[in-house]
Amino acid sequence: MAAHAMSANTLVAKLGGVAVNKAATGAKKSACFTGGAAVPRASVRSAARVNATVRAAVSLPDGVTVEKMGKDVFNTSYYPKGEDTDNSRKPWVVIDAAGLRLGRLSTLVATYLRGGNVGTYSPSMNMGTYVVVVNASQVVVSGKKFEDKLYKRHETGRPGSMKEESFKMLQARIPERIVEKAVRGMLPKNRKGRELFTQLKVYGSEEHPHAAQNPIDVTAEVKELCYSSGMKSA
């Protein structure tokens with residue numbers, strides 16, 4: 001019982017192997033009620049010397065002590081702030097998808113949406129850009145996927161009455177859906193992924209209504225990343 005009372009009224013910190021009672025003032029008074037022994041003054045003085053040594057070694061700012069740590073002065077790593085993720089400050093980029101492979105294009109679009117191409121990227125923050133994809137109807141696939149790749153959906157939103165549609169048929173009906181499905185599958189499966197998906201604008205033709213945002217054309221950069229030295233673009 002006395003041991004529990006002692007630990008509840010005193011805070012003991014170990015600095016350099018020395019047990020320091022931070023509530024040194026009034027320690028003798030509390031010992032009368034808890035049955036504990038007061039910390040010797042020699043230990044308190046030793047701890048003070050350790051504090052002074054540590055303060056001199058790490059060059060702590062004025063007003064910050066080892067016992068009362070305020071701002072993290074040791075960790076200087078960059079972390080994005082709220083203004084860094086403001087949607088009104090995000091740039092816009094446009095990509096011409098004509099002749100580009102669906103998979104390689106989608107990985108780069110997802111990278112732009114998440115902000116993985118910038119030095120300030122942080123996985124937990126939305127550091128990406130708005131991406132406009134035009135000519136989605138001219139996206140190509142490799143091998144026999146043009147005929148064999150299937151897209152499945154449930155008309156009622158419930159199991160049953162499943163509909164299948166080939167890549168060829170969906171490209172003729174809703175070409176934007178192909179790029180949207182591919183990119184959405186490469187984004188995080190959580191609230192952040194749903195937020196990032198709203199920054200993607202896909203259009204089947206070359207026209208788009210986002211000229212007022214002055215999007216930057218990064219098609220050349222995307223083509224260079226889409227095709228390695230041993231591949232030829234369409």
# chains A, B, ... in the order shown; residues from 1 in each chain; ligands from 1
>>> residues_around(residues="segment 126-138 of chain A", least_positions_apart="4", cutoff="9 Å", atoms="only C-alpha atoms", output="PyMOL selection string")
chain A and resi 80+84-87+90-100+109+111-118+120-122+171-172+174-179+192+195-196+198-208+210+215
>>> residues_around(residues="Arg101 of chain A", least_positions_apart="3", cutoff="6 Å", atoms="only C-alpha atoms", output="list in words")
Arg104, Leu105, Val140 and Val141 of chain A
>>> residues_around(residues="Met186 of chain A", least_positions_apart="5", cutoff="10 Å", atoms="only C-alpha atoms", output="VMD selection string")
chain A and resid 103 106 to 111 181 193
>>> decode(residues="segment 150-179 of chain A", atoms="N, CA and C atoms", output="short mmCIF file (atom, residue, chain, number, x, y, z; two decimals), in the first residue's frame")
data_model
loop_
_atom_site.label_atom_id
_atom_site.label_comp_id
_atom_site.auth_asym_id
_atom_site.auth_seq_id
_atom_site.Cartn_x
_atom_site.Cartn_y
_atom_site.Cartn_z
N LEU A 150 -11.97 -8.81 -69.85
CA LEU A 150 -13.38 -8.66 -69.52
C LEU A 150 -13.56 -7.69 -68.36
N TYR A 151 -14.64 -6.95 -68.41
CA TYR A 151 -15.06 -6.07 -67.32
C TYR A 151 -16.42 -6.58 -66.82
N LYS A 152 -16.50 -6.83 -65.53
CA LYS A 152 -17.71 -7.39 -64.94
C LYS A 152 -18.37 -6.37 -64.03
N ARG A 153 -19.69 -6.40 -64.04
CA ARG A 153 -20.46 -5.48 -63.20
C ARG A 153 -21.79 -6.13 -62.85
N HIS A 154 -22.37 -5.66 -61.76
CA HIS A 154 -23.69 -6.12 -61.33
C HIS A 154 -24.69 -5.00 -61.59
N GLU A 155 -25.67 -5.27 -62.39
CA GLU A 155 -26.63 -4.24 -62.77
C GLU A 155 -27.39 -3.69 -61.57
N THR A 156 -27.75 -4.56 -60.64
CA THR A 156 -28.55 -4.14 -59.49
C THR A 156 -27.71 -3.71 -58.30
N GLY A 157 -26.38 -3.83 -58.40
CA GLY A 157 -25.53 -3.50 -57.27
C GLY A 157 -25.46 -4.60 -56.23
N ARG A 158 -26.09 -5.75 -56.50
CA ARG A 158 -26.10 -6.88 -55.59
C ARG A 158 -25.61 -8.12 -56.34
N PRO A 159 -25.15 -9.12 -55.62
CA PRO A 159 -24.71 -10.35 -56.30
C PRO A 159 -25.83 -10.94 -57.16
N GLY A 160 -25.46 -11.40 -58.33
CA GLY A 160 -26.45 -11.90 -59.28
C GLY A 160 -26.62 -10.94 -60.43
N SER A 161 -27.16 -11.43 -61.52
CA SER A 161 -27.37 -10.65 -62.75
C SER A 161 -26.09 -9.94 -63.17
N MET A 162 -24.98 -10.70 -63.13
CA MET A 162 -23.69 -10.11 -63.49
C MET A 162 -23.58 -9.97 -65.00
N LYS A 163 -23.05 -8.83 -65.42
CA LYS A 163 -22.87 -8.56 -66.84
C LYS A 163 -21.38 -8.55 -67.16
N GLU A 164 -21.01 -9.11 -68.28
CA GLU A 164 -19.62 -9.13 -68.74
C GLU A 164 -19.52 -8.33 -70.03
N GLU A 165 -18.39 -7.62 -70.13
CA GLU A 165 -18.18 -6.78 -71.31
C GLU A 165 -16.69 -6.81 -71.65
N SER A 166 -16.37 -7.00 -72.88
CA SER A 166 -14.98 -7.07 -73.29
C SER A 166 -14.38 -5.67 -73.39
N PHE A 167 -13.05 -5.62 -73.47
CA PHE A 167 -12.36 -4.34 -73.60
C PHE A 167 -12.81 -3.62 -74.87
N LYS A 168 -12.97 -4.37 -75.94
CA LYS A 168 -13.37 -3.78 -77.21
C LYS A 168 -14.75 -3.14 -77.12
N MET A 169 -15.68 -3.82 -76.47
CA MET A 169 -17.05 -3.30 -76.36
C MET A 169 -17.11 -2.09 -75.44
N LEU A 170 -16.40 -2.15 -74.31
CA LEU A 170 -16.44 -1.03 -73.37
C LEU A 170 -15.74 0.20 -73.95
N GLN A 171 -14.69 -0.02 -74.72
CA GLN A 171 -14.00 1.12 -75.34
C GLN A 171 -14.90 1.81 -76.36
N ALA A 172 -15.74 1.05 -77.03
CA ALA A 172 -16.67 1.65 -77.99
C ALA A 172 -17.84 2.32 -77.28
N ARG A 173 -18.21 1.85 -76.09
CA ARG A 173 -19.37 2.40 -75.39
C ARG A 173 -18.99 3.55 -74.47
N ILE A 174 -18.10 3.30 -73.49
CA ILE A 174 -17.66 4.33 -72.54
C ILE A 174 -16.13 4.23 -72.43
N PRO A 175 -15.36 4.86 -73.29
CA PRO A 175 -13.90 4.72 -73.24
C PRO A 175 -13.28 5.30 -71.96
N GLU A 176 -13.94 6.30 -71.36
CA GLU A 176 -13.38 6.89 -70.13
C GLU A 176 -13.37 5.89 -68.98
N ARG A 177 -14.35 4.96 -68.98
CA ARG A 177 -14.47 4.01 -67.89
C ARG A 177 -13.24 3.10 -67.79
N ILE A 178 -12.60 2.82 -68.91
CA ILE A 178 -11.44 1.92 -68.91
C ILE A 178 -10.29 2.53 -68.11
N VAL A 179 -9.98 3.79 -68.38
CA VAL A 179 -8.87 4.44 -67.68
C VAL A 179 -9.24 4.66 -66.21
#
